[in-house]
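K.L.:
Sharing model.txt here; it has compact mmCIF, N, CA and C atoms.
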# COMPACT_ATOMS: atom_id res chain seq x y z
N ASP A 1 15.11 2.35 5.93
CA ASP A 1 15.68 3.67 6.08
C ASP A 1 14.57 4.70 6.07
N ASN A 2 13.36 4.35 5.65
CA ASN A 2 12.24 5.29 5.68
C ASN A 2 11.22 4.82 6.71
N ASN A 3 11.38 5.30 7.94
CA ASN A 3 10.45 4.96 9.00
C ASN A 3 9.49 6.11 9.26
N ALA A 4 9.24 6.90 8.26
CA ALA A 4 8.40 8.09 8.40
C ALA A 4 6.95 7.70 8.64
N VAL A 5 6.27 8.54 9.39
CA VAL A 5 4.84 8.36 9.61
C VAL A 5 4.11 8.56 8.29
N SER A 6 4.56 9.51 7.50
CA SER A 6 3.98 9.73 6.18
C SER A 6 5.10 10.05 5.20
N HIS A 7 4.86 9.75 3.95
CA HIS A 7 5.83 10.06 2.91
C HIS A 7 5.11 10.14 1.57
N ASN A 8 5.80 10.68 0.59
CA ASN A 8 5.20 10.72 -0.73
C ASN A 8 5.94 9.73 -1.63
N ASN A 9 5.19 9.13 -2.52
CA ASN A 9 5.73 8.15 -3.44
C ASN A 9 5.02 8.38 -4.76
N SER A 10 5.76 8.67 -5.80
CA SER A 10 5.16 8.94 -7.11
C SER A 10 5.55 7.84 -8.07
N LEU A 11 4.56 7.34 -8.80
CA LEU A 11 4.81 6.30 -9.79
C LEU A 11 3.96 6.60 -11.02
N LEU A 12 4.61 6.84 -12.12
CA LEU A 12 3.95 7.08 -13.39
C LEU A 12 4.44 5.99 -14.33
N GLY A 13 3.53 5.22 -14.90
CA GLY A 13 4.00 4.08 -15.68
C GLY A 13 3.17 3.75 -16.89
N ILE A 14 3.70 2.84 -17.67
CA ILE A 14 3.01 2.26 -18.82
C ILE A 14 2.56 0.87 -18.39
N ASN A 15 1.24 0.68 -18.35
CA ASN A 15 0.65 -0.57 -17.88
C ASN A 15 -0.25 -1.16 -18.96
N PRO A 16 0.24 -2.06 -19.78
CA PRO A 16 -0.68 -2.70 -20.71
C PRO A 16 -1.66 -3.59 -19.94
N ALA A 17 -2.88 -3.68 -20.44
CA ALA A 17 -3.91 -4.46 -19.77
C ALA A 17 -4.66 -5.31 -20.78
N ILE A 18 -5.16 -6.43 -20.32
CA ILE A 18 -6.03 -7.28 -21.13
C ILE A 18 -7.33 -7.41 -20.36
N ASN A 19 -8.45 -7.35 -21.09
CA ASN A 19 -9.76 -7.32 -20.46
C ASN A 19 -10.69 -8.29 -21.18
N PHE A 20 -11.38 -9.13 -20.43
CA PHE A 20 -12.38 -10.04 -20.98
C PHE A 20 -13.73 -9.74 -20.33
N ARG A 21 -14.78 -9.79 -21.15
CA ARG A 21 -16.15 -9.61 -20.66
C ARG A 21 -17.03 -10.69 -21.27
N TYR A 22 -17.89 -11.24 -20.43
CA TYR A 22 -18.80 -12.29 -20.89
C TYR A 22 -20.18 -12.02 -20.32
N ALA A 23 -21.15 -11.76 -21.18
CA ALA A 23 -22.53 -11.50 -20.76
C ALA A 23 -23.33 -12.79 -20.86
N PHE A 24 -24.19 -13.01 -19.87
CA PHE A 24 -25.02 -14.21 -19.88
C PHE A 24 -26.33 -13.95 -19.13
N THR A 25 -27.28 -14.83 -19.34
CA THR A 25 -28.60 -14.75 -18.70
C THR A 25 -28.86 -16.08 -18.00
N ASN A 26 -29.41 -16.03 -16.79
CA ASN A 26 -29.71 -17.28 -16.09
C ASN A 26 -31.11 -17.76 -16.46
N LYS A 27 -31.55 -18.84 -15.82
CA LYS A 27 -32.85 -19.44 -16.15
C LYS A 27 -34.02 -18.54 -15.80
N LYS A 28 -33.82 -17.61 -14.87
CA LYS A 28 -34.88 -16.68 -14.49
C LYS A 28 -34.85 -15.41 -15.33
N GLN A 29 -34.10 -15.43 -16.43
CA GLN A 29 -33.98 -14.31 -17.36
C GLN A 29 -33.36 -13.07 -16.73
N LYS A 30 -32.46 -13.26 -15.76
CA LYS A 30 -31.73 -12.15 -15.16
C LYS A 30 -30.37 -12.06 -15.86
N SER A 31 -29.98 -10.83 -16.22
CA SER A 31 -28.76 -10.62 -17.00
C SER A 31 -27.57 -10.34 -16.09
N TYR A 32 -26.44 -10.92 -16.45
CA TYR A 32 -25.20 -10.75 -15.72
C TYR A 32 -24.07 -10.49 -16.70
N GLN A 33 -22.98 -9.92 -16.18
CA GLN A 33 -21.77 -9.76 -16.98
C GLN A 33 -20.57 -10.09 -16.10
N LEU A 34 -19.73 -11.00 -16.57
CA LEU A 34 -18.51 -11.38 -15.88
C LEU A 34 -17.36 -10.59 -16.50
N ASN A 35 -16.54 -9.93 -15.67
CA ASN A 35 -15.43 -9.10 -16.14
C ASN A 35 -14.13 -9.56 -15.50
N TRP A 36 -13.07 -9.61 -16.29
CA TRP A 36 -11.74 -9.91 -15.76
C TRP A 36 -10.73 -9.03 -16.47
N GLN A 37 -9.82 -8.43 -15.70
CA GLN A 37 -8.78 -7.58 -16.27
C GLN A 37 -7.46 -7.89 -15.58
N LEU A 38 -6.40 -7.96 -16.37
CA LEU A 38 -5.05 -8.17 -15.86
C LEU A 38 -4.17 -7.08 -16.43
N GLN A 39 -3.40 -6.44 -15.57
CA GLN A 39 -2.47 -5.40 -16.04
C GLN A 39 -1.13 -5.55 -15.33
N THR A 40 -0.08 -5.16 -16.03
CA THR A 40 1.27 -5.23 -15.46
C THR A 40 2.08 -4.02 -15.89
N LEU A 41 2.94 -3.58 -15.02
CA LEU A 41 3.79 -2.42 -15.26
C LEU A 41 5.02 -2.86 -16.06
N ILE A 42 5.32 -2.16 -17.16
CA ILE A 42 6.52 -2.52 -17.93
C ILE A 42 7.58 -1.42 -17.94
N PHE A 43 7.17 -0.17 -17.71
CA PHE A 43 8.13 0.93 -17.70
C PHE A 43 7.57 2.02 -16.80
N SER A 44 8.40 2.65 -15.98
CA SER A 44 7.87 3.64 -15.06
C SER A 44 8.86 4.75 -14.74
N TYR A 45 8.30 5.83 -14.22
CA TYR A 45 9.07 6.90 -13.61
C TYR A 45 8.70 6.86 -12.14
N ASN A 46 9.68 6.65 -11.27
CA ASN A 46 9.42 6.43 -9.86
C ASN A 46 10.24 7.38 -9.01
N SER A 47 9.59 8.06 -8.07
CA SER A 47 10.33 8.86 -7.10
C SER A 47 9.85 8.46 -5.72
N ARG A 48 10.80 8.11 -4.88
CA ARG A 48 10.49 7.71 -3.51
C ARG A 48 11.61 8.19 -2.62
N PRO A 49 11.39 9.24 -1.84
CA PRO A 49 12.46 9.77 -0.99
C PRO A 49 12.82 8.79 0.13
N THR A 50 14.03 8.92 0.67
CA THR A 50 14.50 8.00 1.69
C THR A 50 14.77 8.71 3.01
N TYR A 51 14.08 9.83 3.26
CA TYR A 51 14.29 10.57 4.49
C TYR A 51 13.64 9.83 5.66
N ILE A 52 14.01 10.22 6.88
CA ILE A 52 13.40 9.68 8.09
C ILE A 52 12.69 10.83 8.79
N GLY A 53 11.51 10.60 9.27
CA GLY A 53 10.76 11.62 9.99
C GLY A 53 9.47 11.94 9.28
N ILE A 54 8.74 12.89 9.82
CA ILE A 54 7.46 13.28 9.26
C ILE A 54 7.70 14.28 8.14
N SER A 55 7.11 14.01 6.99
CA SER A 55 7.34 14.89 5.83
C SER A 55 6.37 16.06 5.87
N GLN A 56 6.79 17.13 5.26
CA GLN A 56 5.94 18.29 5.06
C GLN A 56 6.05 18.66 3.59
N PHE A 57 4.98 19.20 3.04
CA PHE A 57 5.01 19.59 1.64
C PHE A 57 5.74 20.92 1.52
N ASP A 58 6.98 20.88 1.08
CA ASP A 58 7.78 22.09 0.94
C ASP A 58 8.62 21.97 -0.33
N ALA A 59 9.59 22.85 -0.49
CA ALA A 59 10.43 22.84 -1.69
C ALA A 59 11.19 21.53 -1.82
N ASN A 60 11.65 20.95 -0.71
CA ASN A 60 12.37 19.67 -0.77
C ASN A 60 11.47 18.55 -1.28
N THR A 61 10.21 18.58 -0.88
CA THR A 61 9.27 17.57 -1.36
C THR A 61 9.10 17.68 -2.87
N LEU A 62 8.97 18.90 -3.36
CA LEU A 62 8.85 19.10 -4.81
C LEU A 62 10.10 18.61 -5.53
N GLU A 63 11.27 18.85 -4.95
CA GLU A 63 12.51 18.38 -5.57
C GLU A 63 12.54 16.87 -5.67
N THR A 64 12.09 16.16 -4.62
CA THR A 64 12.12 14.71 -4.69
C THR A 64 11.13 14.17 -5.72
N LEU A 65 10.03 14.89 -5.97
CA LEU A 65 9.10 14.46 -7.00
C LEU A 65 9.75 14.45 -8.37
N PHE A 66 10.61 15.44 -8.62
CA PHE A 66 11.24 15.54 -9.94
C PHE A 66 12.64 14.94 -9.96
N ASP A 67 13.05 14.32 -8.87
CA ASP A 67 14.36 13.70 -8.77
C ASP A 67 14.25 12.19 -8.85
N GLY A 68 13.24 11.69 -9.53
CA GLY A 68 13.01 10.26 -9.61
C GLY A 68 13.87 9.60 -10.67
N LYS A 69 13.58 8.35 -10.93
CA LYS A 69 14.34 7.56 -11.90
C LYS A 69 13.38 6.85 -12.84
N PHE A 70 13.80 6.74 -14.10
CA PHE A 70 13.08 5.91 -15.05
C PHE A 70 13.53 4.48 -14.81
N THR A 71 12.57 3.58 -14.71
CA THR A 71 12.90 2.19 -14.38
C THR A 71 12.16 1.24 -15.31
N SER A 72 12.70 0.06 -15.42
CA SER A 72 12.04 -0.98 -16.20
C SER A 72 11.55 -2.07 -15.26
N ILE A 73 10.93 -3.08 -15.81
CA ILE A 73 10.26 -4.11 -15.03
C ILE A 73 11.21 -4.88 -14.10
N ASP A 74 12.50 -4.88 -14.38
CA ASP A 74 13.43 -5.61 -13.52
C ASP A 74 13.71 -4.88 -12.20
N LYS A 75 13.38 -3.59 -12.09
CA LYS A 75 13.61 -2.82 -10.86
C LYS A 75 12.31 -2.51 -10.11
N VAL A 76 11.29 -2.10 -10.82
CA VAL A 76 10.00 -1.77 -10.22
C VAL A 76 8.93 -2.53 -10.98
N SER A 77 8.16 -3.35 -10.28
CA SER A 77 7.12 -4.13 -10.96
C SER A 77 5.80 -4.02 -10.22
N SER A 78 4.74 -4.18 -10.96
CA SER A 78 3.40 -4.14 -10.39
C SER A 78 2.49 -4.99 -11.26
N THR A 79 1.69 -5.82 -10.63
CA THR A 79 0.72 -6.65 -11.33
C THR A 79 -0.60 -6.55 -10.59
N ARG A 80 -1.68 -6.41 -11.36
CA ARG A 80 -3.01 -6.27 -10.77
C ARG A 80 -4.01 -7.10 -11.56
N SER A 81 -4.88 -7.78 -10.83
CA SER A 81 -5.95 -8.57 -11.43
C SER A 81 -7.27 -8.17 -10.82
N ASP A 82 -8.26 -7.87 -11.65
CA ASP A 82 -9.60 -7.49 -11.21
C ASP A 82 -10.61 -8.48 -11.76
N LEU A 83 -11.44 -9.02 -10.89
CA LEU A 83 -12.49 -9.95 -11.28
C LEU A 83 -13.80 -9.44 -10.69
N SER A 84 -14.84 -9.34 -11.53
CA SER A 84 -16.12 -8.86 -11.02
C SER A 84 -17.27 -9.51 -11.78
N ILE A 85 -18.41 -9.52 -11.12
CA ILE A 85 -19.64 -9.95 -11.77
C ILE A 85 -20.68 -8.86 -11.54
N ASP A 86 -21.33 -8.45 -12.62
CA ASP A 86 -22.33 -7.39 -12.58
C ASP A 86 -23.71 -7.99 -12.77
N ARG A 87 -24.65 -7.58 -11.96
CA ARG A 87 -26.06 -7.91 -12.17
C ARG A 87 -26.65 -6.72 -12.91
N LEU A 88 -27.06 -6.93 -14.16
CA LEU A 88 -27.60 -5.87 -15.00
C LEU A 88 -29.09 -5.69 -14.70
N LEU A 89 -29.46 -4.51 -14.26
CA LEU A 89 -30.85 -4.22 -13.91
C LEU A 89 -31.59 -3.68 -15.13
N LYS A 90 -32.90 -3.77 -15.11
CA LYS A 90 -33.71 -3.36 -16.25
C LYS A 90 -33.58 -1.89 -16.59
N ASN A 91 -33.31 -1.04 -15.59
CA ASN A 91 -33.19 0.40 -15.83
C ASN A 91 -31.79 0.82 -16.31
N GLY A 92 -30.90 -0.14 -16.55
CA GLY A 92 -29.55 0.15 -17.04
C GLY A 92 -28.51 0.24 -15.94
N ASN A 93 -28.93 0.28 -14.68
CA ASN A 93 -27.99 0.30 -13.56
C ASN A 93 -27.41 -1.09 -13.33
N ARG A 94 -26.36 -1.16 -12.50
CA ARG A 94 -25.70 -2.43 -12.21
C ARG A 94 -25.38 -2.53 -10.72
N ILE A 95 -25.34 -3.74 -10.23
CA ILE A 95 -24.81 -4.04 -8.91
C ILE A 95 -23.60 -4.93 -9.16
N ARG A 96 -22.45 -4.54 -8.58
CA ARG A 96 -21.19 -5.25 -8.87
C ARG A 96 -20.61 -5.86 -7.60
N LEU A 97 -20.20 -7.11 -7.71
CA LEU A 97 -19.42 -7.80 -6.69
C LEU A 97 -18.04 -7.99 -7.29
N MET A 98 -16.98 -7.50 -6.60
CA MET A 98 -15.65 -7.53 -7.21
C MET A 98 -14.58 -8.00 -6.24
N TYR A 99 -13.50 -8.52 -6.84
CA TYR A 99 -12.32 -8.94 -6.10
C TYR A 99 -11.10 -8.41 -6.87
N THR A 100 -10.17 -7.77 -6.16
CA THR A 100 -8.94 -7.24 -6.76
C THR A 100 -7.75 -7.77 -5.99
N TRP A 101 -6.72 -8.17 -6.74
CA TRP A 101 -5.44 -8.59 -6.16
C TRP A 101 -4.36 -7.75 -6.82
N GLN A 102 -3.43 -7.22 -6.02
CA GLN A 102 -2.32 -6.42 -6.56
C GLN A 102 -1.04 -6.71 -5.79
N PHE A 103 0.07 -6.78 -6.53
CA PHE A 103 1.38 -6.95 -5.92
C PHE A 103 2.33 -5.93 -6.53
N ASP A 104 3.10 -5.24 -5.69
CA ASP A 104 4.08 -4.25 -6.13
C ASP A 104 5.43 -4.58 -5.52
N SER A 105 6.49 -4.33 -6.29
CA SER A 105 7.85 -4.55 -5.80
C SER A 105 8.75 -3.44 -6.33
N ASN A 106 9.59 -2.90 -5.44
CA ASN A 106 10.53 -1.85 -5.81
C ASN A 106 11.91 -2.23 -5.28
N THR A 107 12.76 -2.78 -6.13
CA THR A 107 14.12 -3.15 -5.71
C THR A 107 15.08 -1.99 -5.87
N GLN A 108 14.62 -0.90 -6.45
CA GLN A 108 15.46 0.28 -6.66
C GLN A 108 15.55 1.12 -5.39
N ALA A 109 14.60 0.98 -4.48
CA ALA A 109 14.59 1.76 -3.24
C ALA A 109 15.79 1.37 -2.38
N SER A 110 16.15 2.24 -1.43
CA SER A 110 17.29 1.95 -0.57
C SER A 110 17.05 0.69 0.25
N ASN A 111 15.81 0.40 0.58
CA ASN A 111 15.42 -0.87 1.19
C ASN A 111 14.37 -1.49 0.29
N LEU A 112 14.38 -2.80 0.17
CA LEU A 112 13.41 -3.49 -0.66
C LEU A 112 11.99 -3.13 -0.20
N LEU A 113 11.16 -2.72 -1.12
CA LEU A 113 9.79 -2.35 -0.82
C LEU A 113 8.88 -3.28 -1.60
N GLN A 114 8.09 -4.08 -0.90
CA GLN A 114 7.12 -4.97 -1.54
C GLN A 114 5.80 -4.84 -0.81
N SER A 115 4.72 -4.87 -1.57
CA SER A 115 3.40 -4.83 -0.95
C SER A 115 2.43 -5.63 -1.79
N GLY A 116 1.46 -6.18 -1.12
CA GLY A 116 0.40 -6.92 -1.79
C GLY A 116 -0.91 -6.56 -1.14
N MET A 117 -1.99 -6.64 -1.90
CA MET A 117 -3.29 -6.35 -1.32
C MET A 117 -4.38 -7.17 -1.98
N HIS A 118 -5.41 -7.42 -1.21
CA HIS A 118 -6.62 -8.08 -1.67
C HIS A 118 -7.78 -7.15 -1.32
N ILE A 119 -8.70 -6.97 -2.25
CA ILE A 119 -9.85 -6.10 -2.01
C ILE A 119 -11.12 -6.85 -2.42
N LEU A 120 -12.09 -6.86 -1.53
CA LEU A 120 -13.44 -7.35 -1.85
C LEU A 120 -14.37 -6.16 -1.81
N GLY A 121 -15.28 -6.08 -2.76
CA GLY A 121 -16.16 -4.92 -2.76
C GLY A 121 -17.51 -5.20 -3.38
N ILE A 122 -18.46 -4.40 -2.98
CA ILE A 122 -19.79 -4.38 -3.57
C ILE A 122 -20.07 -2.93 -3.94
N SER A 123 -20.50 -2.71 -5.17
CA SER A 123 -20.76 -1.34 -5.60
C SER A 123 -21.99 -1.26 -6.47
N SER A 124 -22.52 -0.06 -6.59
CA SER A 124 -23.65 0.23 -7.46
C SER A 124 -23.17 1.15 -8.58
N LEU A 125 -23.52 0.83 -9.79
CA LEU A 125 -23.16 1.66 -10.93
C LEU A 125 -24.46 2.18 -11.54
N PHE A 126 -24.52 3.50 -11.69
CA PHE A 126 -25.75 4.13 -12.17
C PHE A 126 -25.56 4.66 -13.57
N LYS A 127 -26.58 4.46 -14.39
CA LYS A 127 -26.58 4.96 -15.76
C LYS A 127 -27.29 6.31 -15.76
N PHE A 128 -26.64 7.32 -16.34
CA PHE A 128 -27.25 8.66 -16.40
C PHE A 128 -27.71 8.96 -17.79
Turn the structure described in the file into structure tokens.

P.N.:
Amino acid sequence: DNNAVSHNNSLLGINPAINFRYAFTNKKQKSYQLNWQLQTLIFSYNSRPTYIGISQFDANTLETLFDGKFTSIDKVSSTRSDLSIDRLLKNGNRIRLMYTWQFDSNTQASNLLQSGMHILGISSLFKF
């Protein structure tokens, strides 16, 4: 029912997370840190309009933001897992290789909305 080119979707939630970190050094005395985090949505405030067409930011858009519903995990769910390995450099900076997986489901919407994503990334983290 929402075939819009663009739309707004607001989700504010409580997401408990668990995080593990393991630091180690290889035979060449290079330092690494392995990181893993898992989080899941247990309670949320969700607003997702069901109009058709191109949206514009106007008074109706603001109304739909505040016309959402409080939902529990049986209606709107989200799970995310992040795995990364950091190469710790001598100057305190890091180079990170990461993988993220996320799945979202909204059975409260007028049409079932489900999405999943996989992300691979390389990043630099600088110490100031």

K.L.:
As an exercise, work out the distance from atom CA of A:Thr79 to atom CA of A:Ser115 in Å and give it to one decimal place.

P.N.:
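It comes out at 10.9 Å.
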
K.L.:
Which is closest to A:Thr100 among A:Ile14, A:Leu88, A:Ala23, A:Ile119, if we use only N, CA and C atoms?

P.N.:
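Between A:Ile14, A:Leu88, A:Ala23, A:Ile119, the residue approaching A:Thr100 most closely is A:Ile119.
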
K.L.:
A:Gln114, A:Asn35, A:Asn93, A:Ser81: which is nearest A:Ala17, counting only C-alpha atoms?

P.N.:
A:Ser81

K.L.:
In Å to one decimal, how far is atom N of A:Ser77 from atom N of A:Ser123?

P.N.:
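Value for the atom N of A:Ser123-atom N of A:Ser77 distance: 29.1 Å.
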
K.L.:
What separation in Å, quoted to one decimal, exists between atom CA of A:Asp104 and atom N of A:Gln37?

P.N.:
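Taking atom CA of A:Asp104 as the start and atom N of A:Gln37 as the end point, the length is 17.4 Å.
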
K.L.:
Please identify all polymer residues within 12 Å of A:Tyr32, counting only C-alpha atoms, omitting same-chain residues fewer than 5 positions from it, and present them as a list in words.

P.N.:
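With the cut-off at 12 Å, the set is Arg21, Tyr22, Ala23, Phe24, Thr25, Asn26, Lys27, Ser84, Ile85, Asp86, Arg87, Leu88, Leu89, Lys90, Gly92, Asn93, Arg94, Ile95, Arg96 and Leu97 of chain A.
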
K.L.:
Find, counting only N, CA and C atoms, the residue in A:Asn106, A:Gln39, A:Tyr99, A:Ser44 that gets nearest to A:Asn19.

P.N.:
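Nearest to A:Asn19: A:Gln39.
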